[in-house]
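Trainee: What follows is a structure written as structure tokens; I'll ask about it next.
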Amino acid sequence: MNGTSAELQNKYARMSKTAMIAGLVGVALLAVGWVTQPDKFYESYIFGYAYWITVTLGLIGWTLLHNLTAGKWGFTIRRFLQAGTFNGSALSPLILMAVLFLPIIIGSDHLYGTWMDAKPDDHVLAAKAFYLNEPFWYARLIFYFLFWIFLTMTLRRLLLKEEKTLDTTRSNMRTIQRLSGGGLVLFMLTVNFAMTDWMMSLEPHWFSTMYGIIFLIGGAISAIALCNGMTVTSSSYSPFSKYLDTKTYHDLGNLMFALTVFWAYVSFSQYMIIWSANIGEEAGWFLKRITGWKEVIGYGLLVFHFIFPFLVLIQRKWKRDPQRLKRMALYILSVHFLDMLWQIKPAFQEVGATGDLNFHWLDIAAVLGIGGLWLWLFLSGLAKMKEPLLPAHDPRMRGAKPVVDDHAATANV
Amino acid sequence: MSHTVEIDRPEHYGMIAEFDSPEALMAAAEKTRDAGYKQIDAYSSFPIEGMVDALGQKRTRLPKLILTAGITGMLTGLFLQSWTAASTLGITIGPYMFYGYPMNIGGRPMLSLPNFIPVTFEMTVLFAALTAVFGTILLNKLPMPYHPLFNAERFSLASQDKFFLCVEARDPKYDREGTKAFLEGLHPDAVEEVEH
């Protein structure tokens, strides 16, 4: 089968309808939960939100990284990166995530009550109050989203300009690279602080400097898995069918492979440092997460989020065969669910509480509801996209085609 | 007892054909491979995508060596730490005796696996990386101070703008007249025999 790009966009449109229906079902279930068990609702909601905000942020990270490094893999997935963050209209996944923060603000008393209404004799929280106070928290929240939206909007505009102009002076490209370089530094910091503000402060007495990075890496691997899945789904249609080759799949698979190791590296570092120190105020966080069934999930993450995908993706055939790559991409997206579940949900239990999983049907509703709306905007953005689905006229992509010669590619225009 | 040692090698190293473009070289390599020649190689001043397949070369066994070395390094690291930190096992090598020396560090278990992981990880990487570097050098038979191909007059152009295909004499299908005729059938710019 070899379809046209119009057929591909029809396919995206059909997929977006399915996502919309799934999203509406999820939202309906969430609404039922909000009315009947508001406390449980907020706990599940922040879990579902964590899943999708990390994916969104992962997509921004890959955009910045590719602008600095180039490479064929990134041109292949550029439209997915754009559609998953800012797609040119107000109906963009990133803006959706900003709007969907509202329920968290409404539920902030329940979620962040420990530090928002700290007891006067709580000295740990009193010492943290210069950072962890409500006005500053809201100010940071607004800054994060404004910065992310500004960054993705500007980069999208500049990249589209770069694709259209046959600019030989490369001044536009230099602007993109400067913005991406500085932007990457500030982006990493904002993600780190955002994860601290939203997820780590669910347990405000505990702290870890590795925490934000674990979420960022978990998001980055899920984001590249989403792009890999989308690439394979689009591969039998023009323009992808003319452009994709085994090498590109291999590179995309390698990025996923490398990040399984990176995820294990940062997750284990956090564990080992806390395990070695063995101080009550730090170890409590892990103690909550290794009682009863949660211990099974904890070790399960080691196996399912690291050892298994590592051993599969180390083999060439799993990276070079598109269908296998897609299967692994779906797999990575599902273990991210397990990872977020294990990180977020035990926050609402006491240390030494029963070993139960704290799993609730609303957890699935939250991932489904937020994810359905997210994928609906993502896919309908791709379906409506007026630009070619591959940035065929980007000077650096022409350079990437037969022999990599950046200089020649831009000089011959 | 004295007799001369017969050096078992043909007087020719092989035959090279010169081409003008990487595409021509690629097409010629595919035809030569399909004709049943096994000992062929291509020479150009830059890597050509897909040439390995066009030459019908087997994948290198380097990845398997690196994996084996990585696992060996991992087990070495784990064993060394478990032995020294968690056992009193002694072994004698010549005049020396080596003992495990368990130490209680902050009341942690003797077999503190989380603390063993960094060294285990580093040993895995060290063994694998050294195998990758030295494996690449040795499997490529480097260093190689002499190569017969440089006896060919035109071959120096391979580092400029010409592309060469070489059929080596150790190929069972190789015979001077037949191979020469075959290579000329590929429409090269020139065909030359290479002395040993």
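So you can find residues: chains in the structure tokens are A, B, ... in the order shown, residues in each start at 1, and ligands are numbered from 1 in order.
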With a cut-off of 8 Å and counting only C-alpha atoms, select all residues of chain A in contact with chain B and give the selection as JSON, numbers by chain.
Mentor: {"A": [272, 275, 276]}
Trainee: Could you go through chain B and tell me which residues DSSP, when run on the backbone, assigns to strand (DSSP E or B), listing them as an mmCIF file with all heavy atoms, in the first residue's frame?
Mentor:
data_model
loop_
_atom_site.group_PDB
_atom_site.id
_atom_site.type_symbol
_atom_site.label_atom_id
_atom_site.label_comp_id
_atom_site.auth_asym_id
_atom_site.auth_seq_id
_atom_site.Cartn_x
_atom_site.Cartn_y
_atom_site.Cartn_z
ATOM 1 N N HIS B 12 49.696 -13.235 -7.854
ATOM 2 C CA HIS B 12 48.938 -11.989 -7.960
ATOM 3 C C HIS B 12 48.078 -11.794 -6.735
ATOM 4 O O HIS B 12 47.558 -12.768 -6.201
ATOM 5 C CB HIS B 12 48.035 -12.021 -9.197
ATOM 6 C CG HIS B 12 48.837 -11.985 -10.451
ATOM 7 N ND1 HIS B 12 49.303 -10.818 -10.998
ATOM 8 C CD2 HIS B 12 49.274 -12.987 -11.240
ATOM 9 C CE1 HIS B 12 50.002 -11.110 -12.074
ATOM 10 N NE2 HIS B 12 50.002 -12.413 -12.245
ATOM 11 N N TYR B 13 47.941 -10.539 -6.343
ATOM 12 C CA TYR B 13 47.025 -10.255 -5.231
ATOM 13 C C TYR B 13 45.600 -10.254 -5.737
ATOM 14 O O TYR B 13 44.683 -10.742 -5.065
ATOM 15 C CB TYR B 13 47.355 -8.900 -4.601
ATOM 16 C CG TYR B 13 46.362 -8.513 -3.530
ATOM 17 C CD1 TYR B 13 46.390 -9.131 -2.284
ATOM 18 C CD2 TYR B 13 45.371 -7.556 -3.778
ATOM 19 C CE1 TYR B 13 45.483 -8.809 -1.305
ATOM 20 C CE2 TYR B 13 44.456 -7.223 -2.801
ATOM 21 C CZ TYR B 13 44.505 -7.851 -1.567
ATOM 22 O OH TYR B 13 43.591 -7.526 -0.594
ATOM 23 N N GLY B 14 45.412 -9.726 -6.941
ATOM 24 C CA GLY B 14 44.065 -9.683 -7.483
ATOM 25 C C GLY B 14 43.996 -8.741 -8.668
ATOM 26 O O GLY B 14 45.004 -8.415 -9.277
ATOM 27 N N MET B 15 42.798 -8.308 -8.952
ATOM 28 C CA MET B 15 42.589 -7.460 -10.118
ATOM 29 C C MET B 15 41.691 -6.296 -9.701
ATOM 30 O O MET B 15 40.700 -6.498 -9.018
ATOM 31 C CB MET B 15 41.888 -8.285 -11.194
ATOM 32 C CG MET B 15 41.872 -7.644 -12.520
ATOM 33 S SD MET B 15 42.684 -8.545 -13.843
ATOM 34 C CE MET B 15 42.607 -10.241 -13.485
ATOM 35 N N ILE B 16 42.087 -5.069 -10.075
ATOM 36 C CA ILE B 16 41.239 -3.927 -9.709
ATOM 37 C C ILE B 16 40.622 -3.295 -10.950
ATOM 38 O O ILE B 16 41.231 -3.288 -12.029
ATOM 39 C CB ILE B 16 41.995 -2.839 -8.908
ATOM 40 C CG1 ILE B 16 43.243 -2.361 -9.640
ATOM 41 C CG2 ILE B 16 42.315 -3.306 -7.511
ATOM 42 C CD1 ILE B 16 43.878 -1.141 -9.009
ATOM 43 N N ALA B 17 39.431 -2.796 -10.788
ATOM 44 C CA ALA B 17 38.744 -2.067 -11.849
ATOM 45 C C ALA B 17 38.452 -0.672 -11.336
ATOM 46 O O ALA B 17 38.025 -0.497 -10.199
ATOM 47 C CB ALA B 17 37.446 -2.776 -12.221
ATOM 48 N N GLU B 18 38.691 0.307 -12.215
ATOM 49 C CA GLU B 18 38.535 1.696 -11.775
ATOM 50 C C GLU B 18 37.223 2.268 -12.308
ATOM 51 O O GLU B 18 36.867 2.054 -13.464
ATOM 52 C CB GLU B 18 39.718 2.511 -12.322
ATOM 53 C CG GLU B 18 39.636 3.989 -12.001
ATOM 54 C CD GLU B 18 40.719 4.764 -12.747
ATOM 55 O OE1 GLU B 18 41.898 4.376 -12.665
ATOM 56 O OE2 GLU B 18 40.373 5.751 -13.415
ATOM 57 N N PHE B 19 36.504 2.987 -11.437
ATOM 58 C CA PHE B 19 35.233 3.599 -11.843
ATOM 59 C C PHE B 19 35.247 5.083 -11.541
ATOM 60 O O PHE B 19 36.067 5.568 -10.766
ATOM 61 C CB PHE B 19 34.057 2.928 -11.132
ATOM 62 C CG PHE B 19 33.893 1.493 -11.508
ATOM 63 C CD1 PHE B 19 34.510 0.493 -10.763
ATOM 64 C CD2 PHE B 19 33.142 1.133 -12.622
ATOM 65 C CE1 PHE B 19 34.380 -0.831 -11.123
ATOM 66 C CE2 PHE B 19 33.006 -0.189 -12.974
ATOM 67 C CZ PHE B 19 33.627 -1.179 -12.225
ATOM 68 N N ILE B 40 35.769 -9.941 -2.554
ATOM 69 C CA ILE B 40 35.844 -8.667 -3.273
ATOM 70 C C ILE B 40 35.802 -7.538 -2.264
ATOM 71 O O ILE B 40 35.304 -7.693 -1.153
ATOM 72 C CB ILE B 40 34.697 -8.511 -4.298
ATOM 73 C CG1 ILE B 40 33.337 -8.706 -3.614
ATOM 74 C CG2 ILE B 40 34.855 -9.481 -5.433
ATOM 75 C CD1 ILE B 40 32.167 -8.477 -4.543
ATOM 76 N N ASP B 41 36.365 -6.410 -2.677
ATOM 77 C CA ASP B 41 36.330 -5.253 -1.780
ATOM 78 C C ASP B 41 36.279 -3.987 -2.626
ATOM 79 O O ASP B 41 36.659 -4.001 -3.800
ATOM 80 C CB ASP B 41 37.560 -5.230 -0.867
ATOM 81 C CG ASP B 41 37.229 -4.621 0.484
ATOM 82 O OD1 ASP B 41 36.199 -3.910 0.567
ATOM 83 O OD2 ASP B 41 37.978 -4.852 1.443
ATOM 84 N N ALA B 42 35.784 -2.917 -2.007
ATOM 85 C CA ALA B 42 35.637 -1.655 -2.723
ATOM 86 C C ALA B 42 36.456 -0.586 -2.008
ATOM 87 O O ALA B 42 36.600 -0.624 -0.784
ATOM 88 C CB ALA B 42 34.177 -1.242 -2.783
ATOM 89 N N TYR B 43 36.982 0.356 -2.784
ATOM 90 C CA TYR B 43 37.833 1.387 -2.213
ATOM 91 C C TYR B 43 37.380 2.757 -2.709
ATOM 92 O O TYR B 43 37.230 2.957 -3.917
ATOM 93 C CB TYR B 43 39.303 1.148 -2.586
ATOM 94 C CG TYR B 43 39.801 -0.184 -2.081
ATOM 95 C CD1 TYR B 43 39.632 -1.347 -2.840
ATOM 96 C CD2 TYR B 43 40.391 -0.290 -0.834
ATOM 97 C CE1 TYR B 43 40.052 -2.575 -2.363
ATOM 98 C CE2 TYR B 43 40.816 -1.518 -0.347
ATOM 99 C CZ TYR B 43 40.638 -2.656 -1.113
ATOM 100 O OH TYR B 43 41.046 -3.866 -0.632
ATOM 101 N N GLY B 90 39.395 -17.190 51.085
ATOM 102 C CA GLY B 90 40.789 -16.894 50.768
ATOM 103 C C GLY B 90 41.265 -17.776 49.630
ATOM 104 O O GLY B 90 40.877 -18.936 49.532
ATOM 105 N N ILE B 91 42.065 -17.218 48.736
ATOM 106 C CA ILE B 91 42.659 -18.060 47.701
ATOM 107 C C ILE B 91 44.161 -17.806 47.686
ATOM 108 O O ILE B 91 44.622 -16.718 48.034
ATOM 109 C CB ILE B 91 42.068 -17.805 46.300
ATOM 110 C CG1 ILE B 91 42.150 -16.322 45.945
ATOM 111 C CG2 ILE B 91 40.672 -18.329 46.185
ATOM 112 C CD1 ILE B 91 41.873 -16.069 44.486
ATOM 113 N N THR B 92 44.909 -18.832 47.294
ATOM 114 C CA THR B 92 46.365 -18.717 47.257
ATOM 115 C C THR B 92 46.814 -18.722 45.803
ATOM 116 O O THR B 92 46.444 -19.604 45.036
ATOM 117 C CB THR B 92 47.010 -19.900 47.984
ATOM 118 O OG1 THR B 92 46.366 -20.035 49.245
ATOM 119 C CG2 THR B 92 48.494 -19.668 48.179
ATOM 120 N N ILE B 93 47.565 -17.716 45.440
ATOM 121 C CA ILE B 93 48.165 -17.706 44.113
ATOM 122 C C ILE B 93 49.668 -17.579 44.322
ATOM 123 O O ILE B 93 50.156 -16.536 44.747
ATOM 124 C CB ILE B 93 47.627 -16.547 43.257
ATOM 125 C CG1 ILE B 93 46.113 -16.677 43.086
ATOM 126 C CG2 ILE B 93 48.313 -16.529 41.904
ATOM 127 C CD1 ILE B 93 45.464 -15.495 42.426
ATOM 128 N N TYR B 96 51.343 -15.707 47.307
ATOM 129 C CA TYR B 96 50.428 -14.711 47.856
ATOM 130 C C TYR B 96 49.103 -15.332 48.256
ATOM 131 O O TYR B 96 48.614 -16.256 47.608
ATOM 132 C CB TYR B 96 50.163 -13.603 46.825
ATOM 133 C CG TYR B 96 51.427 -12.920 46.376
ATOM 134 C CD1 TYR B 96 51.983 -13.222 45.136
ATOM 135 C CD2 TYR B 96 52.060 -11.984 47.192
ATOM 136 C CE1 TYR B 96 53.149 -12.613 44.728
ATOM 137 C CE2 TYR B 96 53.224 -11.375 46.789
ATOM 138 C CZ TYR B 96 53.773 -11.682 45.559
ATOM 139 O OH TYR B 96 54.922 -11.087 45.162
ATOM 140 N N MET B 97 48.505 -14.783 49.304
ATOM 141 C CA MET B 97 47.158 -15.187 49.682
ATOM 142 C C MET B 97 46.241 -13.979 49.615
ATOM 143 O O MET B 97 46.619 -12.886 50.035
ATOM 144 C CB MET B 97 47.147 -15.760 51.100
ATOM 145 C CG MET B 97 47.671 -17.170 51.156
ATOM 146 S SD MET B 97 47.133 -17.986 52.661
ATOM 147 C CE MET B 97 45.487 -18.472 52.258
ATOM 148 N N PHE B 98 45.078 -14.198 49.070
ATOM 149 C CA PHE B 98 44.100 -13.112 48.978
ATOM 150 C C PHE B 98 42.880 -13.475 49.810
ATOM 151 O O PHE B 98 42.377 -14.584 49.705
ATOM 152 C CB PHE B 98 43.689 -12.892 47.514
ATOM 153 C CG PHE B 98 44.820 -12.480 46.637
ATOM 154 C CD1 PHE B 98 45.599 -13.435 45.992
ATOM 155 C CD2 PHE B 98 45.124 -11.142 46.453
ATOM 156 C CE1 PHE B 98 46.653 -13.053 45.186
ATOM 157 C CE2 PHE B 98 46.179 -10.760 45.656
ATOM 158 C CZ PHE B 98 46.944 -11.713 45.019
ATOM 159 N N TYR B 99 42.429 -12.506 50.627
ATOM 160 C CA TYR B 99 41.286 -12.758 51.505
ATOM 161 C C TYR B 99 40.170 -11.768 51.228
ATOM 162 O O TYR B 99 40.428 -10.608 50.924
ATOM 163 C CB TYR B 99 41.687 -12.582 52.969
ATOM 164 C CG TYR B 99 42.504 -13.712 53.509
ATOM 165 C CD1 TYR B 99 43.870 -13.588 53.652
ATOM 166 C CD2 TYR B 99 41.882 -14.910 53.875
ATOM 167 C CE1 TYR B 99 44.621 -14.630 54.154
ATOM 168 C CE2 TYR B 99 42.638 -15.951 54.381
ATOM 169 C CZ TYR B 99 44.004 -15.806 54.522
ATOM 170 O OH TYR B 99 44.744 -16.836 55.010
ATOM 171 N N PHE B 163 37.149 5.450 -7.971
ATOM 172 C CA PHE B 163 36.548 4.424 -7.114
ATOM 173 C C PHE B 163 36.968 3.063 -7.640
ATOM 174 O O PHE B 163 36.875 2.813 -8.845
ATOM 175 C CB PHE B 163 35.034 4.567 -7.123
ATOM 176 C CG PHE B 163 34.605 5.944 -6.685
ATOM 177 C CD1 PHE B 163 34.550 7.000 -7.589
ATOM 178 C CD2 PHE B 163 34.307 6.187 -5.362
ATOM 179 C CE1 PHE B 163 34.188 8.261 -7.187
ATOM 180 C CE2 PHE B 163 33.943 7.456 -4.941
ATOM 181 C CZ PHE B 163 33.880 8.490 -5.858
ATOM 182 N N PHE B 164 37.449 2.185 -6.755
ATOM 183 C CA PHE B 164 38.029 0.927 -7.212
ATOM 184 C C PHE B 164 37.287 -0.271 -6.655
ATOM 185 O O PHE B 164 36.839 -0.274 -5.503
ATOM 186 C CB PHE B 164 39.499 0.843 -6.794
ATOM 187 C CG PHE B 164 40.378 1.788 -7.564
ATOM 188 C CD1 PHE B 164 40.575 3.086 -7.116
ATOM 189 C CD2 PHE B 164 40.973 1.383 -8.742
ATOM 190 C CE1 PHE B 164 41.368 3.964 -7.822
ATOM 191 C CE2 PHE B 164 41.769 2.257 -9.456
ATOM 192 C CZ PHE B 164 41.968 3.553 -9.004
ATOM 193 N N LEU B 165 37.181 -1.292 -7.506
ATOM 194 C CA LEU B 165 36.640 -2.575 -7.079
ATOM 195 C C LEU B 165 37.757 -3.583 -7.243
ATOM 196 O O LEU B 165 38.405 -3.626 -8.295
ATOM 197 C CB LEU B 165 35.445 -2.964 -7.943
ATOM 198 C CG LEU B 165 34.764 -4.263 -7.562
ATOM 199 C CD1 LEU B 165 33.990 -4.082 -6.272
ATOM 200 C CD2 LEU B 165 33.816 -4.717 -8.662
ATOM 201 N N CYS B 166 38.002 -4.383 -6.222
ATOM 202 C CA CYS B 166 39.093 -5.351 -6.300
ATOM 203 C C CYS B 166 38.549 -6.764 -6.140
ATOM 204 O O CYS B 166 37.799 -7.038 -5.200
ATOM 205 C CB CYS B 166 40.120 -5.058 -5.208
ATOM 206 S SG CYS B 166 41.424 -6.286 -5.150
ATOM 207 N N VAL B 167 38.898 -7.650 -7.065
ATOM 208 C CA VAL B 167 38.608 -9.078 -6.898
ATOM 209 C C VAL B 167 39.913 -9.733 -6.516
ATOM 210 O O VAL B 167 40.903 -9.635 -7.252
ATOM 211 C CB VAL B 167 38.050 -9.697 -8.194
ATOM 212 C CG1 VAL B 167 37.772 -11.181 -7.978
ATOM 213 C CG2 VAL B 167 36.790 -8.985 -8.621
ATOM 214 N N GLU B 168 39.936 -10.370 -5.359
ATOM 215 C CA GLU B 168 41.203 -10.906 -4.862
ATOM 216 C C GLU B 168 41.467 -12.291 -5.421
ATOM 217 O O GLU B 168 40.549 -13.066 -5.681
ATOM 218 C CB GLU B 168 41.192 -10.929 -3.330
ATOM 219 C CG GLU B 168 41.236 -9.517 -2.769
ATOM 220 C CD GLU B 168 40.875 -9.457 -1.300
ATOM 221 O OE1 GLU B 168 41.047 -10.472 -0.604
ATOM 222 O OE2 GLU B 168 40.405 -8.379 -0.870
ATOM 223 N N ALA B 190 39.347 1.473 -16.290
ATOM 224 C CA ALA B 190 40.580 0.714 -16.503
ATOM 225 C C ALA B 190 40.542 -0.528 -15.643
ATOM 226 O O ALA B 190 39.846 -0.579 -14.634
ATOM 227 C CB ALA B 190 41.788 1.566 -16.122
ATOM 228 N N VAL B 191 41.297 -1.578 -16.082
ATOM 229 C CA VAL B 191 41.450 -2.782 -15.274
ATOM 230 C C VAL B 191 42.936 -3.034 -15.131
ATOM 231 O O VAL B 191 43.698 -2.883 -16.086
ATOM 232 C CB VAL B 191 40.761 -3.991 -15.944
ATOM 233 C CG1 VAL B 191 41.071 -5.268 -15.174
ATOM 234 C CG2 VAL B 191 39.261 -3.788 -16.022
ATOM 235 N N GLU B 192 43.363 -3.363 -13.913
ATOM 236 C CA GLU B 192 44.790 -3.547 -13.707
ATOM 237 C C GLU B 192 45.031 -4.730 -12.792
ATOM 238 O O GLU B 192 44.289 -4.948 -11.829
ATOM 239 C CB GLU B 192 45.377 -2.263 -13.083
ATOM 240 C CG GLU B 192 46.885 -2.243 -13.056
ATOM 241 C CD GLU B 192 47.434 -0.952 -12.419
ATOM 242 O OE1 GLU B 192 46.743 0.084 -12.468
ATOM 243 O OE2 GLU B 192 48.547 -1.012 -11.865
ATOM 244 N N GLU B 193 46.080 -5.498 -13.101
ATOM 245 C CA GLU B 193 46.449 -6.588 -12.216
ATOM 246 C C GLU B 193 47.294 -6.044 -11.078
ATOM 247 O O GLU B 193 48.057 -5.101 -11.261
ATOM 248 C CB GLU B 193 47.271 -7.625 -12.980
ATOM 249 C CG GLU B 193 46.398 -8.620 -13.695
ATOM 250 C CD GLU B 193 47.222 -9.728 -14.318
ATOM 251 O OE1 GLU B 193 48.456 -9.733 -14.135
ATOM 252 O OE2 GLU B 193 46.631 -10.575 -14.994
ATOM 253 N N VAL B 194 47.151 -6.680 -9.909
ATOM 254 C CA VAL B 194 47.928 -6.212 -8.756
ATOM 255 C C VAL B 194 48.922 -7.289 -8.364
ATOM 256 O O VAL B 194 48.554 -8.430 -8.107
ATOM 257 C CB VAL B 194 47.009 -5.906 -7.565
ATOM 258 C CG1 VAL B 194 47.811 -5.290 -6.438
ATOM 259 C CG2 VAL B 194 45.892 -4.980 -7.991
ATOM 260 N N GLU B 195 50.211 -6.911 -8.341
ATOM 261 C CA GLU B 195 51.266 -7.845 -7.924
ATOM 262 C C GLU B 195 51.242 -8.027 -6.415
ATOM 263 O O GLU B 195 50.787 -7.147 -5.684
ATOM 264 C CB GLU B 195 52.641 -7.259 -8.314
ATOM 265 C CG GLU B 195 52.821 -6.979 -9.773
ATOM 266 C CD GLU B 195 52.955 -8.251 -10.580
ATOM 267 O OE1 GLU B 195 53.594 -9.195 -10.062
ATOM 268 O OE2 GLU B 195 52.423 -8.311 -11.698
#
Trainee: Quick one: residues within 7 Å of B:Tyr37, only C-alpha atoms counted, chain neighbours fewer than 3 positions away excluded, as an NGL selection string?
Mentor: :B and (32-33 or 40 or 171 or 173)
Trainee: Generate the output file for the selected residues, all heavy atoms, as a tab-separated table (two decimals), in the first residue's frame.
Mentor:
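Saved as result.tsv:
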chain	number	residue	atom	x	y	z
B	32	THR	N	29.29	-8.07	-9.53
B	32	THR	CA	30.37	-8.99	-9.19
B	32	THR	C	29.92	-9.96	-8.10
B	32	THR	O	30.20	-11.15	-8.15
B	32	THR	CB	31.59	-8.19	-8.70
B	32	THR	OG1	31.78	-7.07	-9.55
B	32	THR	CG2	32.83	-9.05	-8.69
B	33	ARG	N	29.21	-9.44	-7.12
B	33	ARG	CA	28.68	-10.29	-6.06
B	33	ARG	C	27.73	-11.33	-6.65
B	33	ARG	O	27.81	-12.51	-6.35
B	33	ARG	CB	27.93	-9.41	-5.05
B	33	ARG	CG	27.25	-10.18	-3.94
B	33	ARG	CD	26.21	-9.31	-3.27
B	33	ARG	NE	25.13	-8.95	-4.18
B	33	ARG	CZ	24.23	-8.01	-3.95
B	33	ARG	NH1	24.29	-7.29	-2.86
B	33	ARG	NH2	23.26	-7.75	-4.83
B	40	ILE	N	35.77	-9.94	-2.55
B	40	ILE	CA	35.84	-8.67	-3.27
B	40	ILE	C	35.80	-7.54	-2.26
B	40	ILE	O	35.30	-7.69	-1.15
B	40	ILE	CB	34.70	-8.51	-4.30
B	40	ILE	CG1	33.34	-8.71	-3.61
B	40	ILE	CG2	34.86	-9.48	-5.43
B	40	ILE	CD1	32.17	-8.48	-4.54
B	171	ASP	N	40.09	-15.76	-4.21
B	171	ASP	CA	38.72	-16.18	-4.49
B	171	ASP	C	38.75	-17.45	-5.33
B	171	ASP	O	39.49	-17.53	-6.32
B	171	ASP	CB	38.00	-15.07	-5.26
B	171	ASP	CG	36.51	-15.30	-5.31
B	171	ASP	OD1	36.08	-16.35	-5.84
B	171	ASP	OD2	35.79	-14.43	-4.81
B	173	LYS	N	36.81	-18.58	-7.47
B	173	LYS	CA	36.34	-18.36	-8.83
B	173	LYS	C	37.35	-17.59	-9.68
B	173	LYS	O	37.16	-17.39	-10.88
B	173	LYS	CB	35.01	-17.57	-8.77
B	173	LYS	CG	33.87	-18.24	-9.54
B	173	LYS	CD	32.58	-17.49	-9.35
B	173	LYS	CE	32.17	-16.69	-10.55
B	173	LYS	NZ	31.90	-17.41	-11.77
Trainee: Can you work out the spacing between atom CA of A:Lys319 and atom CA of A:Asn228 in Å, to one decimal?
Mentor: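 Pair atom CA of A:Lys319 / atom CA of A:Asn228 returns 10.3 Å.
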Trainee: If you run DSSP on the backbone, which residues of chain B are helix (DSSP H, G or I), as JSON, numbers by chain?
Mentor: {"B": [22, 23, 24, 25, 26, 27, 28, 29, 30, 31, 32, 33, 34, 51, 52, 53, 54, 62, 63, 64, 65, 66, 67, 68, 69, 70, 71, 72, 73, 74, 75, 76, 77, 78, 79, 80, 81, 82, 83, 84, 85, 86, 113, 114, 115, 116, 117, 118, 119, 120, 121, 122, 123, 124, 125, 126, 127, 128, 129, 130, 131, 132, 133, 134, 135, 136, 137, 138, 139, 148, 149, 150, 151, 153, 154, 155, 156, 157, 158, 159, 176, 177, 178, 179, 180, 181, 182, 183, 184]}
Trainee: Measuring between only C-alpha atoms, which one of A:Trp206, A:Trp263, A:Trp361, A:Trp137 shows the shortest distance to A:Phe193?
Mentor: A:Trp137
Trainee: For atom CA of A:Ser269 and atom CA of A:Leu302, quote the distance in Å rounded to one decimal.
Mentor: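 Going from atom CA of A:Ser269 over to atom CA of A:Leu302 covers 12.9 Å.
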Trainee: Which of these, A:Leu252, A:Leu184, A:Ala13, A:Ile149, has the shortest distance to A:Pro322 once you count only C-alpha atoms?
Mentor: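 For A:Pro322, the nearest of the given residues is A:Leu252.
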Trainee: Report as an MDAnalysis selection string all protein, DNA and RNA residues lying within 12 Å of B:Gly56, evaluated on only C-alpha atoms, omitting residues in the same chain fewer than 2 positions from it.
Mentor: chainID B and resid 26 29:42 50:54 58:59
Trainee: Could you please determine the separation between atom CA of B:Gln160 and atom CA of B:Ser45 in Å, to one decimal place?
Mentor: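 Atom CA of B:Ser45 lies at a distance of 6.5 Å from atom CA of B:Gln160.
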